[in-house]
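File shown: model_38.pdb (PDB, C-alpha atoms).
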```pdb
ATOM      1  CA  MET A   1     -17.566  11.424   6.615  1.00  0.00           C
ATOM      2  CA  LYS A   2     -16.687  14.816   5.207  1.00  0.00           C
ATOM      3  CA  THR A   3     -15.694  14.830   1.566  1.00  0.00           C
ATOM      4  CA  ALA A   4     -12.466  16.762   2.184  1.00  0.00           C
ATOM      5  CA  LEU A   5     -11.308  14.165   4.704  1.00  0.00           C
ATOM      6  CA  LYS A   6     -12.129  11.315   2.323  1.00  0.00           C
ATOM      7  CA  ILE A   7     -10.146  13.036  -0.422  1.00  0.00           C
ATOM      8  CA  ALA A   8      -7.187  13.629   1.898  1.00  0.00           C
ATOM      9  CA  ILE A   9      -7.081  10.027   3.144  1.00  0.00           C
ATOM     10  CA  SER A  10      -7.491   8.596  -0.357  1.00  0.00           C
ATOM     11  CA  LEU A  11      -4.700  10.783  -1.725  1.00  0.00           C
ATOM     12  CA  LEU A  12      -2.401   9.994   1.200  1.00  0.00           C
ATOM     13  CA  LEU A  13      -2.814   6.242   0.802  1.00  0.00           C
ATOM     14  CA  SER A  14      -2.486   6.527  -2.980  1.00  0.00           C
ATOM     15  CA  GLY A  15       0.761   8.449  -2.534  1.00  0.00           C
ATOM     16  CA  PHE A  16       2.165   5.848  -0.159  1.00  0.00           C
ATOM     17  CA  VAL A  17       1.324   3.019  -2.550  1.00  0.00           C
ATOM     18  CA  GLY A  18       2.651   4.883  -5.594  1.00  0.00           C
ATOM     19  CA  PHE A  19       5.929   5.580  -3.796  1.00  0.00           C
ATOM     20  CA  TYR A  20       6.141   1.981  -2.604  1.00  0.00           C
ATOM     21  CA  ILE A  21       5.596   0.395  -6.020  1.00  0.00           C
ATOM     22  CA  GLN A  22       7.883   2.861  -7.832  1.00  0.00           C
ATOM     23  CA  THR A  23      10.706   2.454  -5.299  1.00  0.00           C
ATOM     24  CA  VAL A  24      10.532  -1.328  -5.170  1.00  0.00           C
ATOM     25  CA  LEU A  25      10.565  -1.487  -8.975  1.00  0.00           C
ATOM     26  CA  LEU A  26      13.564   0.841  -9.167  1.00  0.00           C
ATOM     27  CA  ILE A  27      15.506  -1.106  -6.542  1.00  0.00           C
ATOM     28  CA  THR A  28      14.711  -4.662  -7.617  1.00  0.00           C
ATOM     29  CA  THR A  29      14.380  -4.337 -11.399  1.00  0.00           C
ATOM     30  CA  ASN A  30      15.385  -1.946 -14.136  1.00  0.00           C
ATOM     31  CA  PRO A  31      12.143  -1.248 -16.003  1.00  0.00           C
ATOM     32  CA  ALA A  32      11.693   1.451 -18.578  1.00  0.00           C
ATOM     33  CA  HIS A  33      10.765   4.716 -16.869  1.00  0.00           C
ATOM     34  CA  TRP A  34       7.247   4.799 -18.280  1.00  0.00           C
ATOM     35  CA  THR A  35       6.567   1.152 -17.349  1.00  0.00           C
ATOM     36  CA  GLY A  36       7.356   1.645 -13.676  1.00  0.00           C
ATOM     37  CA  MET A  37       5.463   4.922 -13.596  1.00  0.00           C
ATOM     38  CA  ALA A  38       2.416   3.395 -15.283  1.00  0.00           C
ATOM     39  CA  LEU A  39       2.336   0.436 -12.897  1.00  0.00           C
ATOM     40  CA  SER A  40       2.765   2.610  -9.799  1.00  0.00           C
ATOM     41  CA  LEU A  41       0.047   5.030 -10.976  1.00  0.00           C
ATOM     42  CA  ALA A  42      -2.315   2.139 -11.718  1.00  0.00           C
ATOM     43  CA  CYS A  43      -1.778   0.663  -8.242  1.00  0.00           C
ATOM     44  CA  ALA A  44      -2.130   4.086  -6.625  1.00  0.00           C
ATOM     45  CA  GLY A  45      -5.363   4.731  -8.529  1.00  0.00           C
ATOM     46  CA  TRP A  46      -6.739   1.345  -7.534  1.00  0.00           C
ATOM     47  CA  VAL A  47      -5.977   1.958  -3.864  1.00  0.00           C
ATOM     48  CA  GLY A  48      -7.469   5.451  -4.040  1.00  0.00           C
ATOM     49  CA  TRP A  49     -10.678   4.109  -5.550  1.00  0.00           C
ATOM     50  CA  CYS A  50     -10.959   1.280  -3.005  1.00  0.00           C
ATOM     51  CA  THR A  51     -10.238   3.675  -0.140  1.00  0.00           C
ATOM     52  CA  TRP A  52     -12.884   6.101  -1.356  1.00  0.00           C
ATOM     53  CA  LYS A  53     -15.384   3.271  -1.620  1.00  0.00           C
ATOM     54  CA  LEU A  54     -14.586   1.997   1.882  1.00  0.00           C
ATOM     55  CA  LEU A  55     -14.760   5.460   3.440  1.00  0.00           C
ATOM     56  CA  SER A  56     -18.108   6.068   1.739  1.00  0.00           C
ATOM     57  CA  GLY A  57     -19.522   3.005   3.488  1.00  0.00           C
ATOM     58  CA  ARG A  58     -20.202   1.073   0.297  1.00  0.00           C
ATOM     59  CA  GLN A  59     -19.575  -2.636   0.031  1.00  0.00           C
ATOM     60  CA  ILE A  60     -16.391  -3.831  -1.581  1.00  0.00           C
ATOM     61  CA  SER A  61     -15.649  -7.199  -3.105  1.00  0.00           C
ATOM     62  CA  VAL A  62     -13.324  -9.608  -1.342  1.00  0.00           C
ATOM     63  CA  SER A  63     -10.743  -9.504  -4.136  1.00  0.00           C
ATOM     64  CA  ALA A  64     -10.673  -5.689  -4.127  1.00  0.00           C
ATOM     65  CA  ALA A  65     -10.325  -5.571  -0.340  1.00  0.00           C
ATOM     66  CA  VAL A  66      -7.544  -8.164  -0.345  1.00  0.00           C
ATOM     67  CA  SER A  67      -5.524  -6.435  -3.074  1.00  0.00           C
ATOM     68  CA  ALA A  68      -6.012  -2.922  -1.670  1.00  0.00           C
ATOM     69  CA  GLY A  69      -5.266  -4.051   1.889  1.00  0.00           C
ATOM     70  CA  ALA A  70      -2.123  -5.830   0.774  1.00  0.00           C
ATOM     71  CA  LEU A  71      -0.890  -2.784  -1.147  1.00  0.00           C
ATOM     72  CA  ILE A  72      -1.672  -0.349   1.672  1.00  0.00           C
ATOM     73  CA  PHE A  73      -0.106  -2.396   4.467  1.00  0.00           C
ATOM     74  CA  GLY A  74       2.799  -3.418   2.221  1.00  0.00           C
ATOM     75  CA  ALA A  75       3.478   0.260   1.551  1.00  0.00           C
ATOM     76  CA  PHE A  76       3.375   1.151   5.246  1.00  0.00           C
ATOM     77  CA  GLY A  77       5.597  -1.818   6.075  1.00  0.00           C
ATOM     78  CA  PHE A  78       8.063  -0.748   3.396  1.00  0.00           C
ATOM     79  CA  VAL A  79       8.157   2.906   4.438  1.00  0.00           C
ATOM     80  CA  PHE A  80       8.528   2.210   8.146  1.00  0.00           C
ATOM     81  CA  GLY A  81      10.849  -0.758   7.613  1.00  0.00           C
ATOM     82  CA  PHE A  82      13.074   1.149   5.205  1.00  0.00           C
ATOM     83  CA  PHE A  83      13.237   4.565   6.845  1.00  0.00           C
ATOM     84  CA  GLY A  84      12.819   3.492  10.487  1.00  0.00           C
ATOM     85  CA  PRO A  85      16.210   1.782  10.855  1.00  0.00           C
ATOM     86  CA  MET A  86      17.864   4.700   9.055  1.00  0.00           C
ATOM     87  CA  LEU A  87      16.477   7.092  11.645  1.00  0.00           C
ATOM     88  CA  ILE A  88      17.337   4.876  14.608  1.00  0.00           C
ATOM     89  CA  THR A  89      20.784   3.666  13.569  1.00  0.00           C
ATOM     90  CA  VAL A  90      22.742   6.009  11.338  1.00  0.00           C
ATOM     91  CA  GLY A  91      24.767   4.103   8.740  1.00  0.00           C
ATOM     92  CA  SER A  92      22.766   0.920   9.092  1.00  0.00           C
ATOM     93  CA  GLY A  93      23.486  -1.359   6.140  1.00  0.00           C
ATOM     94  CA  GLU A  94      20.557  -3.700   6.535  1.00  0.00           C
ATOM     95  CA  THR A  95      17.839  -1.106   5.974  1.00  0.00           C
ATOM     96  CA  ALA A  96      17.104  -2.189   2.410  1.00  0.00           C
ATOM     97  CA  PHE A  97      16.831  -5.830   3.432  1.00  0.00           C
ATOM     98  CA  THR A  98      14.593  -5.013   6.375  1.00  0.00           C
ATOM     99  CA  GLY A  99      12.322  -2.721   4.389  1.00  0.00           C
ATOM    100  CA  ILE A 100      11.944  -4.579   1.147  1.00  0.00           C
ATOM    101  CA  VAL A 101      12.046  -8.192   2.245  1.00  0.00           C
ATOM    102  CA  ALA A 102      10.907  -8.433   5.832  1.00  0.00           C
ATOM    103  CA  ALA A 103       8.588  -5.519   6.683  1.00  0.00           C
ATOM    104  CA  SER A 104       7.082  -5.161   3.230  1.00  0.00           C
ATOM    105  CA  THR A 105       6.317  -8.848   2.885  1.00  0.00           C
ATOM    106  CA  LEU A 106       4.859  -8.993   6.371  1.00  0.00           C
ATOM    107  CA  GLY A 107       2.748  -5.915   5.592  1.00  0.00           C
ATOM    108  CA  LEU A 108       1.491  -7.512   2.363  1.00  0.00           C
ATOM    109  CA  LEU A 109       0.406 -10.639   4.219  1.00  0.00           C
ATOM    110  CA  ILE A 110      -1.245  -8.776   7.099  1.00  0.00           C
ATOM    111  CA  GLY A 111      -3.021  -6.413   4.695  1.00  0.00           C
ATOM    112  CA  ALA A 112      -4.306  -9.248   2.527  1.00  0.00           C
ATOM    113  CA  ALA A 113      -5.611 -11.124   5.554  1.00  0.00           C
ATOM    114  CA  GLY A 114      -7.166  -7.966   7.005  1.00  0.00           C
ATOM    115  CA  GLY A 115      -8.841  -7.124   3.695  1.00  0.00           C
ATOM    116  CA  PHE A 116     -10.209 -10.641   3.420  1.00  0.00           C
ATOM    117  CA  PHE A 117     -11.679 -10.609   6.915  1.00  0.00           C
ATOM    118  CA  TYR A 118     -13.085  -7.110   6.471  1.00  0.00           C
ATOM    119  CA  ALA A 119     -14.802  -7.864   3.157  1.00  0.00           C
ATOM    120  CA  SER A 120     -16.000 -11.269   4.338  1.00  0.00           C
ATOM    121  CA  GLY A 121     -17.607  -9.697   7.391  1.00  0.00           C
ATOM    122  CA  GLN A 122     -19.602  -7.124   5.415  1.00  0.00           C
ATOM    123  CA  LYS A 123     -23.328  -7.645   5.409  1.00  0.00           C
ATOM    124  CA  ARG A 124     -24.532  -8.467   1.924  1.00  0.00           C
ATOM    125  CA  GLY A 125     -27.878  -7.352   0.886  1.00  0.00           C
TER     126      GLY A 125
END
```
Conversion result in structure tokens:
Amino acid sequence: MKTALKIAISLLLSGFVGFYIQTVLLITTNPAHWTGMALSLACAGWVGWCTWKLLSGRQISVSAAVSAGALIFGAFGFVFGFFGPMLITVGSGETAFTGIVAASTLGLLIGAAGGFFYASGQKRG
């Protein structure tokens, strides 16, 4: 795969995860600004590294695949679950509940399961 495409995909997924973690922390807790930023940057960096490794065709451990898959799919579930109802139904009051609780949690579970099955199916050797 071309290096520019790998960089673009890794940065895109890192951005989604960074936004997801930062937004969920701001909505659900009240951390110090640097704490939330440090945690979201750490998660985004982890996802970027795992994505780069996967796109390069290298093997990834089961724990790394599970955590990265959960963060990536949780972020997509959050973004689409939070902004989707706002775009469909203007003035919808249940968007935060749908995005944070339902879609994000479902995305975390699907991503963790997908990462587990992907890493378990890799040929070792």
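Across the structure, atom CA of Pro31 of chain A and atom CA of Ile100 of chain A are spaced 17.5 Å apart.
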Run the PyMOL selection byres ((chain A and resi 17) around 12) against the file shown and list the residues it catches, as a VMD selection string.
chain A and resid 10 to 16 18 to 24 37 39 to 48 51 67 to 79 104 108
So which residues touch Phe97 of chain A within 10 Å, counting all atoms listed in the file, skipping near sequence neighbours fewer than 6 positions away, as a PyMOL selection string?
chain A and resi 81-82+103-104
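For the atom pair formed by atom CA of Phe116 of chain A and atom CA of Arg58 of chain A, the distance is 15.7 Å, given to one decimal.
Here, the PyMOL selection byres ((chain A and resi 56) around 12) matches Met1, Lys2, Thr3, Leu5, Lys6, Ile7, Ile9, Ser10, Trp49, Cys50, Thr51, Trp52, Lys53, Leu54, Leu55, Gly57, Arg58, Gln59 and Ile60 of chain A.
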Based on the selection just made, write C-alpha atoms of those residues as a PDB file, keeping the file's coordinate frame.
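Result written to part-v4.pdb:
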```pdb
ATOM      1  CA  MET A   1     -17.566  11.424   6.615  1.00  0.00           C
ATOM      2  CA  LYS A   2     -16.687  14.816   5.207  1.00  0.00           C
ATOM      3  CA  THR A   3     -15.694  14.830   1.566  1.00  0.00           C
ATOM      4  CA  LEU A   5     -11.308  14.165   4.704  1.00  0.00           C
ATOM      5  CA  LYS A   6     -12.129  11.315   2.323  1.00  0.00           C
ATOM      6  CA  ILE A   7     -10.146  13.036  -0.422  1.00  0.00           C
ATOM      7  CA  ILE A   9      -7.081  10.027   3.144  1.00  0.00           C
ATOM      8  CA  SER A  10      -7.491   8.596  -0.357  1.00  0.00           C
ATOM      9  CA  TRP A  49     -10.678   4.109  -5.550  1.00  0.00           C
ATOM     10  CA  CYS A  50     -10.959   1.280  -3.005  1.00  0.00           C
ATOM     11  CA  THR A  51     -10.238   3.675  -0.140  1.00  0.00           C
ATOM     12  CA  TRP A  52     -12.884   6.101  -1.356  1.00  0.00           C
ATOM     13  CA  LYS A  53     -15.384   3.271  -1.620  1.00  0.00           C
ATOM     14  CA  LEU A  54     -14.586   1.997   1.882  1.00  0.00           C
ATOM     15  CA  LEU A  55     -14.760   5.460   3.440  1.00  0.00           C
ATOM     16  CA  GLY A  57     -19.522   3.005   3.488  1.00  0.00           C
ATOM     17  CA  ARG A  58     -20.202   1.073   0.297  1.00  0.00           C
ATOM     18  CA  GLN A  59     -19.575  -2.636   0.031  1.00  0.00           C
ATOM     19  CA  ILE A  60     -16.391  -3.831  -1.581  1.00  0.00           C
TER      20      ILE A  60
END
```
Could you jot down the atom CA of Val101 of chain A to atom CA of Ala113 of chain A separation for me, Å, one decimal place?
18.2 Å
